[in-house]
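Student: mmCIF, C-alpha atoms, saved as upload_38.cif, coming up:
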```cif
data_coords
#
loop_
_atom_site.label_atom_id
_atom_site.label_comp_id
_atom_site.auth_asym_id
_atom_site.auth_seq_id
_atom_site.Cartn_x
_atom_site.Cartn_y
_atom_site.Cartn_z
CA MET A 1174 21.50 -10.20 16.71
CA GLY A 1175 17.91 -11.14 17.50
CA HIS A 1176 16.77 -7.94 15.86
CA ALA A 1177 18.71 -8.84 12.70
CA ILE A 1178 17.26 -12.37 12.57
CA ALA A 1179 13.72 -11.03 13.07
CA PHE A 1180 14.26 -8.37 10.39
CA TYR A 1181 15.58 -10.78 7.77
CA THR A 1182 12.87 -13.37 8.48
CA LEU A 1183 10.09 -10.81 8.26
CA SER A 1184 11.59 -9.25 5.13
CA ALA A 1185 11.80 -12.62 3.41
CA PHE A 1186 8.13 -13.32 4.20
CA ILE A 1187 7.01 -9.82 3.15
CA LEU A 1188 8.81 -9.92 -0.18
CA GLY A 1189 7.88 -13.55 -0.85
CA PHE A 1190 4.17 -12.95 -0.25
CA ALA A 1191 4.31 -9.72 -2.27
CA VAL A 1192 5.70 -11.68 -5.23
CA MET A 1193 2.93 -14.26 -4.74
CA VAL A 1194 0.30 -11.48 -4.74
CA VAL A 1195 1.55 -10.17 -8.06
CA THR A 1196 2.15 -13.51 -9.79
CA THR A 1197 -0.70 -15.82 -8.68
CA PRO A 1198 -3.20 -16.32 -11.52
CA ASP A 1199 -6.16 -16.86 -9.17
CA THR A 1200 -7.49 -13.55 -7.80
CA VAL A 1201 -8.85 -15.04 -4.56
CA HIS A 1202 -5.46 -16.58 -3.75
CA SER A 1203 -3.90 -13.22 -4.49
CA VAL A 1204 -6.17 -11.53 -1.92
CA LEU A 1205 -5.32 -14.17 0.70
CA PHE A 1206 -1.58 -13.70 0.11
CA LEU A 1207 -2.19 -9.95 0.52
CA VAL A 1208 -3.63 -10.61 4.01
CA LEU A 1209 -0.51 -12.59 4.98
CA ASP A 1210 1.70 -9.85 3.59
CA PHE A 1211 -0.11 -7.19 5.64
CA LEU A 1212 0.21 -9.31 8.79
CA PHE A 1213 3.98 -9.62 8.34
CA VAL A 1214 4.25 -5.88 7.69
CA ALA A 1215 2.39 -5.36 10.98
CA ALA A 1216 4.96 -7.59 12.70
CA LEU A 1217 7.69 -5.40 11.19
CA TYR A 1218 5.98 -2.34 12.70
CA VAL A 1219 6.10 -4.01 16.13
CA LEU A 1220 9.81 -4.64 15.57
CA LEU A 1221 10.22 -0.91 14.92
CA GLY A 1222 8.38 0.03 18.11
CA ALA A 1223 5.25 1.31 16.38
CA GLN A 1224 2.68 -0.82 18.17
CA PHE A 1225 -0.23 1.53 17.44
CA LEU A 1226 0.45 1.41 13.70
CA ALA A 1227 0.70 -2.39 13.85
CA VAL A 1228 -2.78 -2.64 15.38
CA ILE A 1229 -4.15 -0.12 12.86
CA GLN A 1230 -2.53 -2.10 10.05
CA ILE A 1231 -4.27 -5.29 11.15
CA LEU A 1232 -7.62 -3.61 11.80
CA VAL A 1233 -7.83 -1.41 8.71
CA TYR A 1234 -5.83 -3.33 6.12
CA ALA A 1235 -6.10 -7.00 7.02
CA GLY A 1236 -9.55 -6.59 8.53
CA GLY A 1237 -11.27 -3.92 6.45
CA ILE A 1238 -9.71 -3.30 3.07
CA VAL A 1239 -8.99 -6.94 2.29
CA VAL A 1240 -12.58 -7.94 3.12
CA LEU A 1241 -13.67 -5.22 0.68
CA TYR A 1242 -11.42 -6.76 -1.97
CA LEU A 1243 -12.80 -10.23 -1.28
CA PHE A 1244 -16.37 -8.94 -1.65
CA VAL A 1245 -15.53 -7.38 -5.00
CA VAL A 1246 -13.82 -10.57 -6.19
CA MET A 1247 -16.98 -12.49 -5.24
CA LEU A 1248 -19.31 -9.93 -6.88
CA VAL A 1249 -17.26 -9.76 -10.06
CA ASN A 1250 -18.05 -13.28 -11.12
CA LEU A 1251 -15.70 -13.65 -14.05
CA LYS A 1252 -16.74 -16.07 -16.75
CA ARG A 1253 -13.42 -15.74 -18.54
CA ALA A 1254 -10.09 -14.87 -17.01
CA PRO A 1255 -9.09 -11.23 -17.53
CA GLU A 1256 -5.63 -12.31 -18.60
CA ALA A 1257 -7.03 -14.28 -21.52
CA HIS A 1258 -7.78 -11.23 -23.64
CA SER A 1259 -4.71 -9.28 -24.56
CA ASP A 1260 -4.58 -5.92 -26.27
CA PRO A 1261 -2.38 -6.09 -29.38
CA HIS A 1262 -1.22 -2.56 -28.62
CA ARG A 1263 0.00 -3.58 -25.18
CA HIS A 1264 3.74 -3.19 -24.71
CA THR A 1265 4.75 -5.47 -21.87
CA LYS A 1266 8.43 -4.84 -22.51
CA ILE A 1267 7.94 -1.11 -21.97
CA GLY A 1268 6.24 -1.91 -18.67
CA ILE A 1269 9.22 -3.97 -17.53
CA GLY A 1270 11.53 -1.20 -18.74
CA LEU A 1271 9.64 1.44 -16.73
CA ALA A 1272 9.76 -0.73 -13.61
CA ALA A 1273 13.50 -1.22 -14.12
CA ALA A 1274 13.93 2.54 -14.54
CA THR A 1275 12.13 3.09 -11.23
CA LEU A 1276 14.44 0.51 -9.62
CA VAL A 1277 17.49 2.39 -10.94
CA GLU A 1278 16.12 5.69 -9.62
CA LEU A 1279 15.58 4.17 -6.18
CA ALA A 1280 19.10 2.72 -6.24
CA VAL A 1281 20.55 6.13 -7.11
CA ILE A 1282 18.59 7.75 -4.28
CA LEU A 1283 19.79 5.04 -1.88
CA ALA A 1284 23.41 5.44 -2.95
CA TYR A 1285 23.18 9.20 -2.66
CA GLY A 1286 21.63 8.97 0.79
CA TYR A 1287 24.32 6.49 1.82
CA ALA A 1288 27.11 8.76 0.64
CA ARG A 1289 25.67 11.82 2.36
CA PRO A 1290 23.64 10.87 5.43
CA ALA A 1291 20.89 13.29 6.36
CA PRO A 1292 21.66 15.54 9.30
CA THR A 1293 20.02 14.49 12.52
CA LEU A 1294 16.89 16.43 13.19
CA ALA A 1295 16.74 18.50 16.32
CA GLU A 1296 14.78 16.86 19.10
CA THR A 1297 11.40 18.32 18.34
CA THR A 1298 8.10 17.45 19.84
CA THR A 1299 8.75 14.01 21.27
CA ALA A 1300 10.77 15.21 24.23
CA ALA A 1301 8.25 17.92 25.11
CA MET A 1302 5.24 15.62 25.06
CA PRO A 1303 3.65 15.09 28.45
CA VAL A 1304 2.75 11.48 27.66
CA VAL A 1305 4.64 8.24 27.29
CA GLY A 1306 3.76 5.20 25.23
CA ASN A 1307 3.44 4.87 21.49
CA THR A 1308 -0.35 5.18 21.20
CA GLN A 1309 -0.48 8.18 23.52
CA GLN A 1310 2.27 9.96 21.60
CA VAL A 1311 0.60 9.40 18.24
CA GLY A 1312 -2.73 10.53 19.66
CA TRP A 1313 -1.14 13.59 21.23
CA LEU A 1314 0.37 14.68 17.91
CA LEU A 1315 -2.84 13.95 16.00
CA TYR A 1316 -4.89 16.16 18.30
CA THR A 1317 -2.39 19.00 18.69
CA SER A 1318 0.06 19.73 15.86
CA TYR A 1319 -1.79 17.74 13.20
CA LEU A 1320 -5.38 18.55 14.12
CA ILE A 1321 -6.25 20.23 10.79
CA PRO A 1322 -4.82 17.40 8.60
CA PHE A 1323 -6.63 14.92 10.84
CA GLU A 1324 -9.96 16.66 10.23
CA ILE A 1325 -9.23 16.89 6.50
CA ALA A 1326 -8.52 13.13 6.49
CA SER A 1327 -11.91 12.51 8.10
CA MET A 1328 -13.56 14.67 5.42
CA LEU A 1329 -11.67 12.70 2.76
CA LEU A 1330 -13.00 9.44 4.17
CA LEU A 1331 -16.56 10.84 4.22
CA VAL A 1332 -16.30 11.98 0.59
CA ALA A 1333 -14.80 8.62 -0.43
CA MET A 1334 -17.65 6.79 1.32
CA ILE A 1335 -20.31 8.84 -0.46
CA GLY A 1336 -18.45 8.46 -3.76
CA ALA A 1337 -18.22 4.69 -3.39
CA ILE A 1338 -21.96 4.46 -2.67
CA VAL A 1339 -22.81 6.65 -5.68
CA LEU A 1340 -20.55 4.64 -7.96
CA ALA A 1341 -21.58 1.19 -6.83
CA LYS A 1342 -25.32 1.72 -6.48
CA ARG A 1343 -27.39 0.63 -9.44
CA GLU A 1344 -29.72 3.63 -9.40
CA LEU A 1345 -29.99 6.32 -6.78
CA MET B 1027 25.16 -7.13 12.63
CA GLU B 1028 23.45 -3.79 12.97
CA ILE B 1029 20.12 -3.20 11.22
CA THR B 1030 20.22 0.39 10.00
CA PRO B 1031 17.46 2.40 8.33
CA THR B 1032 19.23 1.63 5.06
CA HIS B 1033 18.18 -2.01 5.43
CA TYR B 1034 14.57 -0.93 5.88
CA GLN B 1035 14.94 1.40 2.92
CA ILE B 1036 16.14 -1.47 0.73
CA LEU B 1037 13.23 -3.65 1.89
CA SER B 1038 10.84 -0.78 1.18
CA ALA B 1039 12.34 -0.19 -2.28
CA ALA B 1040 12.03 -3.89 -3.12
CA LEU B 1041 8.38 -3.97 -2.02
CA PHE B 1042 7.75 -0.79 -4.02
CA ILE B 1043 9.28 -2.33 -7.15
CA ILE B 1044 7.19 -5.49 -6.75
CA GLY B 1045 4.12 -3.26 -6.60
CA VAL B 1046 5.21 -1.28 -9.67
CA VAL B 1047 5.82 -4.50 -11.62
CA GLY B 1048 2.35 -5.67 -10.61
CA VAL B 1049 0.78 -2.44 -11.86
CA MET B 1050 2.71 -2.63 -15.11
CA MET B 1051 2.33 -6.32 -15.89
CA ARG B 1052 -1.08 -7.52 -14.72
CA ARG B 1053 -4.27 -6.99 -16.69
CA ASN B 1054 -6.70 -7.80 -13.87
CA LEU B 1055 -7.82 -4.49 -12.40
CA ILE B 1056 -8.34 -5.95 -8.90
CA ILE B 1057 -4.76 -7.22 -8.78
CA ILE B 1058 -3.53 -3.82 -9.96
CA PHE B 1059 -5.32 -2.22 -7.00
CA MET B 1060 -3.70 -4.74 -4.66
CA SER B 1061 -0.30 -3.82 -6.11
CA ILE B 1062 -1.06 -0.18 -5.29
CA GLU B 1063 -1.74 -1.26 -1.69
CA LEU B 1064 1.70 -2.94 -1.67
CA ILE B 1065 3.27 0.33 -2.86
CA LEU B 1066 1.54 2.29 -0.07
CA ASN B 1067 2.76 -0.29 2.46
CA ALA B 1068 6.32 0.20 1.20
CA VAL B 1069 5.96 3.94 1.85
CA ASN B 1070 4.69 3.24 5.37
CA ILE B 1071 7.66 0.99 6.16
CA ASN B 1072 10.01 3.80 5.17
CA LEU B 1073 8.15 6.38 7.27
CA ILE B 1074 8.12 4.18 10.35
CA ALA B 1075 11.76 3.10 9.99
CA TYR B 1076 12.89 6.72 9.97
CA SER B 1077 10.47 7.57 12.75
CA ALA B 1078 12.15 4.87 14.85
CA GLN B 1079 15.63 6.07 13.94
CA GLN B 1080 14.93 9.73 14.75
CA GLN B 1081 13.01 8.87 17.94
CA ASN B 1082 10.23 11.07 16.56
CA VAL B 1083 6.59 10.02 16.29
CA VAL B 1084 5.71 12.38 13.44
CA GLY B 1085 6.52 9.68 10.88
CA GLN B 1086 3.94 7.42 12.44
CA VAL B 1087 1.34 10.20 12.29
CA PHE B 1088 1.98 10.48 8.55
CA ALA B 1089 1.68 6.71 8.22
CA VAL B 1090 -1.79 7.02 9.78
CA PHE B 1091 -2.69 9.54 7.07
CA VAL B 1092 -1.32 7.22 4.37
CA ILE B 1093 -3.52 4.41 5.71
CA ALA B 1094 -6.57 6.72 5.67
CA VAL B 1095 -5.88 7.69 2.05
CA ALA B 1096 -5.36 4.01 1.15
CA ALA B 1097 -8.75 3.14 2.64
CA ALA B 1098 -10.43 5.95 0.68
CA GLU B 1099 -8.65 4.88 -2.51
CA ALA B 1100 -9.70 1.25 -2.07
CA ALA B 1101 -13.35 2.18 -1.49
CA VAL B 1102 -13.62 4.49 -4.51
CA GLY B 1103 -11.53 2.22 -6.74
CA LEU B 1104 -13.58 -0.86 -5.98
CA GLY B 1105 -16.76 1.17 -6.57
CA ILE B 1106 -15.40 2.07 -10.01
CA ILE B 1107 -14.57 -1.62 -10.66
CA LEU B 1108 -18.15 -2.62 -9.81
CA ALA B 1109 -19.65 0.14 -11.97
CA PHE B 1110 -17.40 -0.84 -14.86
CA TYR B 1111 -18.12 -4.54 -14.48
CA ARG B 1112 -21.85 -3.82 -14.59
CA ASN B 1113 -21.41 -2.12 -17.97
CA LYS B 1114 -18.86 -4.32 -19.73
CA GLU B 1115 -18.77 -7.65 -17.82
CA THR B 1116 -15.00 -7.56 -17.50
CA VAL B 1117 -12.21 -6.25 -15.25
CA ASN B 1118 -9.54 -6.38 -17.91
CA ILE B 1119 -7.87 -2.99 -18.21
CA ASP B 1120 -7.06 -3.61 -21.88
CA GLU B 1121 -10.79 -3.41 -22.53
CA MET B 1122 -11.12 -0.20 -20.52
CA ASN B 1123 -10.69 2.15 -23.44
CA LEU B 1124 -13.88 4.24 -23.28
CA MET B 1125 -11.99 7.46 -22.64
CA ARG B 1126 -8.84 6.64 -24.58
CA TRP B 1127 -8.20 8.35 -27.88
#
```
Would you put the structure from the file into structure tokens?

Tutor:
Amino acid sequence: MGHAIAFYTLSAFILGFAVMVVTTPDTVHSVLFLVLDFLFVAALYVLLGAQFLAVIQILVYAGGIVVLYLFVVMLVNLKRAPEAHSDPHRHTKIGIGLAAATLVELAVILAYGYARPAPTLAETTTAAMPVVGNTQQVGWLLYTSYLIPFEIASMLLLVAMIGAIVLAKREL
Amino acid sequence: MEITPTHYQILSAALFIIGVVGVMMRRNLIIIFMSIELILNAVNINLIAYSAQQQNVVGQVFAVFVIAVAAAEAAVGLGIILAFYRNKETVNIDEMNLMRW
């Protein structure tokens, strides 16, 4: 019962703040609502027993990425609101239609998955791991089975960092 | 009142749709990038819900990778926004038609 109450409360906050992010006209307010949204998603991770991911969510998203967004909003000092100019070729109705089509697709997938539940996976690595605790288990997998993807992710971050510097710097 | 992974899936789908509507409807490029972050968060919720259901940490490992890709995407995307703003003094995607035929 407590789990259900926590889930519905967190879901209401997550969806409410997500709607605020998308609808608020002021970009700075939008970024601040995004922080709140990320914090509630982190709380949902704790509810699901993924404490490590919750901390990473707060550190990387709410702490790092959102500050990046705020810096860009401050640097991009808009004299006129971007929404003021509208392309005459823009088809807003098609946009809504595409979003609705995606919603229908998701609903079909949900209904299909509900009708035929996926078979339970065999107990794989978790039982064989010599460590307990969420952070230790994630770390164990990252440094054993998923070592190569982990290193590729670090290379991706390095390339992204260099690319961001090259793009944002006035002249090299 | 049991909370099943289906509940989390519905929450994730709703968050995903809000992100898609943001990408489709807004003209401010920064808000479009924030909508993409919402979409990636929806994916993470799904991964972690199923990871909790299956008692298997692999889903959380993939969520870590999604977060790494999201960080890379934000850095490069915001660099592109700054470079574009320096040239055209706007972040309106309707005016971003340099490479559009």

Student: When distances are computed from only C-alpha atoms, which of B:Leu1124, B:Leu1066, B:Leu1037, B:Val1117 shows the smallest separation from Leu1104 (chain B)?

Tutor: B:Val1117

Student: Have a look at B:Asn1070, B:Ser1077, B:Asn1082, B:Ser1038 and name the one nearest to chain A; count all atoms listed in the file.

Tutor: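 Nearest candidate to chain A out of B:Asn1070, B:Ser1077, B:Asn1082, B:Ser1038: B:Asn1082.
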
Student: Mind giving me the straight-line distance from CA of Ile1044 (chain B) to CA of Phe1186 (chain A) in Å, one decimal?

Tutor: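 CA of Ile1044 (chain B) sits 13.5 Å away from CA of Phe1186 (chain A).
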
Student: Can you pull out every residue within 9 Å of region 1106-1111 of chain B, counting only C-alpha atoms, but drop anything in the same chain fewer than 5 positions away, and send it as a PDB file with C-alpha atoms, in the coordinates of the input?

Tutor:
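For reference, out.pdb as written:
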```pdb
ATOM      1  CA  VAL A1245     -15.530  -7.380  -5.000  1.00  0.00           C
ATOM      2  CA  LEU A1248     -19.310  -9.930  -6.880  1.00  0.00           C
ATOM      3  CA  VAL A1249     -17.260  -9.760 -10.060  1.00  0.00           C
ATOM      4  CA  ALA A1337     -18.220   4.690  -3.390  1.00  0.00           C
ATOM      5  CA  LEU A1340     -20.550   4.640  -7.960  1.00  0.00           C
ATOM      6  CA  ALA A1341     -21.580   1.190  -6.830  1.00  0.00           C
ATOM      7  CA  LYS A1342     -25.320   1.720  -6.480  1.00  0.00           C
ATOM      8  CA  ARG A1343     -27.390   0.630  -9.440  1.00  0.00           C
TER       9      ARG A1343
ATOM     10  CA  LEU B1055      -7.820  -4.490 -12.400  1.00  0.00           C
ATOM     11  CA  ILE B1056      -8.340  -5.950  -8.900  1.00  0.00           C
ATOM     12  CA  ALA B1101     -13.350   2.180  -1.490  1.00  0.00           C
ATOM     13  CA  THR B1116     -15.000  -7.560 -17.500  1.00  0.00           C
ATOM     14  CA  VAL B1117     -12.210  -6.250 -15.250  1.00  0.00           C
ATOM     15  CA  MET B1122     -11.120  -0.200 -20.520  1.00  0.00           C
TER      16      MET B1122
END
```

Student: Go ahead and compute the interatomic distance for CA of Leu1279 (chain A) and CA of Leu1226 (chain A), in Å to one decimal.

Tutor: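 We find that CA of Leu1279 (chain A) and CA of Leu1226 (chain A) lie 25.1 Å from each other.
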
Student: Please identify all residues of chain A having at least one atom at most 7 Å from any atom of chain B, considering only C-alpha atoms, and return them as a PDB file with C-alpha atoms, keeping the file's coordinate frame.

Tutor:
```pdb
ATOM      1  CA  MET A1174      21.500 -10.200  16.710  1.00  0.00           C
ATOM      2  CA  ALA A1177      18.710  -8.840  12.700  1.00  0.00           C
ATOM      3  CA  SER A1184      11.590  -9.250   5.130  1.00  0.00           C
ATOM      4  CA  LEU A1188       8.810  -9.920  -0.180  1.00  0.00           C
ATOM      5  CA  ALA A1191       4.310  -9.720  -2.270  1.00  0.00           C
ATOM      6  CA  VAL A1192       5.700 -11.680  -5.230  1.00  0.00           C
ATOM      7  CA  VAL A1195       1.550 -10.170  -8.060  1.00  0.00           C
ATOM      8  CA  THR A1200      -7.490 -13.550  -7.800  1.00  0.00           C
ATOM      9  CA  LEU A1221      10.220  -0.910  14.920  1.00  0.00           C
ATOM     10  CA  GLY A1222       8.380   0.030  18.110  1.00  0.00           C
ATOM     11  CA  ILE A1238      -9.710  -3.300   3.070  1.00  0.00           C
ATOM     12  CA  VAL A1245     -15.530  -7.380  -5.000  1.00  0.00           C
ATOM     13  CA  VAL A1249     -17.260  -9.760 -10.060  1.00  0.00           C
ATOM     14  CA  PRO A1255      -9.090 -11.230 -17.530  1.00  0.00           C
ATOM     15  CA  GLU A1256      -5.630 -12.310 -18.600  1.00  0.00           C
ATOM     16  CA  SER A1259      -4.710  -9.280 -24.560  1.00  0.00           C
ATOM     17  CA  ASP A1260      -4.580  -5.920 -26.270  1.00  0.00           C
ATOM     18  CA  THR A1265       4.750  -5.470 -21.870  1.00  0.00           C
ATOM     19  CA  GLY A1268       6.240  -1.910 -18.670  1.00  0.00           C
ATOM     20  CA  ILE A1269       9.220  -3.970 -17.530  1.00  0.00           C
ATOM     21  CA  ALA A1272       9.760  -0.730 -13.610  1.00  0.00           C
ATOM     22  CA  LEU A1276      14.440   0.510  -9.620  1.00  0.00           C
ATOM     23  CA  LEU A1279      15.580   4.170  -6.180  1.00  0.00           C
ATOM     24  CA  THR A1299       8.750  14.010  21.270  1.00  0.00           C
ATOM     25  CA  GLN A1310       2.270   9.960  21.600  1.00  0.00           C
ATOM     26  CA  VAL A1311       0.600   9.400  18.240  1.00  0.00           C
ATOM     27  CA  LEU A1315      -2.840  13.950  16.000  1.00  0.00           C
ATOM     28  CA  ALA A1326      -8.520  13.130   6.490  1.00  0.00           C
ATOM     29  CA  LEU A1330     -13.000   9.440   4.170  1.00  0.00           C
ATOM     30  CA  ALA A1333     -14.800   8.620  -0.430  1.00  0.00           C
ATOM     31  CA  MET A1334     -17.650   6.790   1.320  1.00  0.00           C
ATOM     32  CA  GLY A1336     -18.450   8.460  -3.760  1.00  0.00           C
ATOM     33  CA  ALA A1337     -18.220   4.690  -3.390  1.00  0.00           C
ATOM     34  CA  LEU A1340     -20.550   4.640  -7.960  1.00  0.00           C
ATOM     35  CA  ALA A1341     -21.580   1.190  -6.830  1.00  0.00           C
TER      36      ALA A1341
END
```

Student: Find the distance between CA of Gly1175 (chain A) and CA of Ala1216 (chain A) and write it in Å to one decimal.

Tutor: 14.3 Å

Student: Could N, CA, C and O atoms be built for region 1199-1220 of chain A and written out as a short mmCIF file (atom, residue, chain, number, x, y, z; two decimals), keeping the file's coordinate frame?

Tutor:
```cif
data_model
loop_
_atom_site.label_atom_id
_atom_site.label_comp_id
_atom_site.auth_asym_id
_atom_site.auth_seq_id
_atom_site.Cartn_x
_atom_site.Cartn_y
_atom_site.Cartn_z
N ASP A 1199 -4.84 -16.89 -9.78
CA ASP A 1199 -6.16 -16.86 -9.17
C ASP A 1199 -6.30 -15.62 -8.29
O ASP A 1199 -5.49 -15.39 -7.39
N THR A 1200 -7.35 -14.81 -8.53
CA THR A 1200 -7.49 -13.55 -7.80
C THR A 1200 -7.75 -13.77 -6.31
O THR A 1200 -7.24 -13.03 -5.48
N VAL A 1201 -8.54 -14.80 -5.98
CA VAL A 1201 -8.85 -15.04 -4.56
C VAL A 1201 -7.57 -15.39 -3.80
O VAL A 1201 -7.32 -14.90 -2.69
N HIS A 1202 -6.73 -16.25 -4.40
CA HIS A 1202 -5.46 -16.58 -3.75
C HIS A 1202 -4.61 -15.32 -3.57
O HIS A 1202 -3.95 -15.15 -2.54
N SER A 1203 -4.66 -14.46 -4.56
CA SER A 1203 -3.90 -13.22 -4.49
C SER A 1203 -4.33 -12.39 -3.29
O SER A 1203 -3.50 -11.86 -2.54
N VAL A 1204 -5.66 -12.30 -3.06
CA VAL A 1204 -6.17 -11.53 -1.92
C VAL A 1204 -5.70 -12.16 -0.61
O VAL A 1204 -5.29 -11.47 0.32
N LEU A 1205 -5.72 -13.50 -0.56
CA LEU A 1205 -5.32 -14.17 0.70
C LEU A 1205 -3.82 -13.96 0.96
O LEU A 1205 -3.41 -13.74 2.11
N PHE A 1206 -3.00 -14.00 -0.09
CA PHE A 1206 -1.58 -13.70 0.11
C PHE A 1206 -1.39 -12.26 0.57
O PHE A 1206 -0.48 -11.96 1.35
N LEU A 1207 -2.28 -11.36 0.10
CA LEU A 1207 -2.19 -9.95 0.52
C LEU A 1207 -2.44 -9.83 2.02
O LEU A 1207 -1.75 -9.07 2.71
N VAL A 1208 -3.39 -10.62 2.56
CA VAL A 1208 -3.63 -10.61 4.01
C VAL A 1208 -2.37 -11.01 4.76
O VAL A 1208 -1.94 -10.34 5.70
N LEU A 1209 -1.73 -12.12 4.31
CA LEU A 1209 -0.51 -12.59 4.98
C LEU A 1209 0.58 -11.52 4.91
O LEU A 1209 1.28 -11.27 5.89
N ASP A 1210 0.69 -10.89 3.75
CA ASP A 1210 1.70 -9.85 3.59
C ASP A 1210 1.47 -8.71 4.58
O ASP A 1210 2.40 -8.26 5.26
N PHE A 1211 0.21 -8.28 4.71
CA PHE A 1211 -0.11 -7.19 5.64
C PHE A 1211 0.20 -7.60 7.08
O PHE A 1211 0.68 -6.79 7.88
N LEU A 1212 -0.07 -8.87 7.42
CA LEU A 1212 0.21 -9.31 8.79
C LEU A 1212 1.71 -9.26 9.08
O LEU A 1212 2.14 -8.84 10.16
N PHE A 1213 2.53 -9.67 8.10
CA PHE A 1213 3.98 -9.62 8.34
C PHE A 1213 4.49 -8.18 8.39
O PHE A 1213 5.41 -7.88 9.15
N VAL A 1214 3.87 -7.30 7.60
CA VAL A 1214 4.25 -5.88 7.69
C VAL A 1214 3.90 -5.35 9.09
O VAL A 1214 4.67 -4.58 9.68
N ALA A 1215 2.75 -5.77 9.63
CA ALA A 1215 2.39 -5.36 10.98
C ALA A 1215 3.42 -5.85 11.99
O ALA A 1215 3.80 -5.12 12.92
N ALA A 1216 3.92 -7.08 11.80
CA ALA A 1216 4.96 -7.59 12.70
C ALA A 1216 6.22 -6.74 12.60
O ALA A 1216 6.91 -6.48 13.60
N LEU A 1217 6.52 -6.28 11.38
CA LEU A 1217 7.69 -5.40 11.19
C LEU A 1217 7.50 -4.09 11.94
O LEU A 1217 8.44 -3.54 12.52
N TYR A 1218 6.25 -3.57 11.96
CA TYR A 1218 5.98 -2.34 12.70
C TYR A 1218 6.24 -2.55 14.20
O TYR A 1218 6.78 -1.66 14.86
N VAL A 1219 5.84 -3.72 14.71
CA VAL A 1219 6.10 -4.01 16.13
C VAL A 1219 7.60 -4.02 16.39
O VAL A 1219 8.09 -3.48 17.38
N LEU A 1220 8.35 -4.59 15.44
CA LEU A 1220 9.81 -4.64 15.57
C LEU A 1220 10.39 -3.23 15.63
O LEU A 1220 11.39 -2.98 16.31
#
```
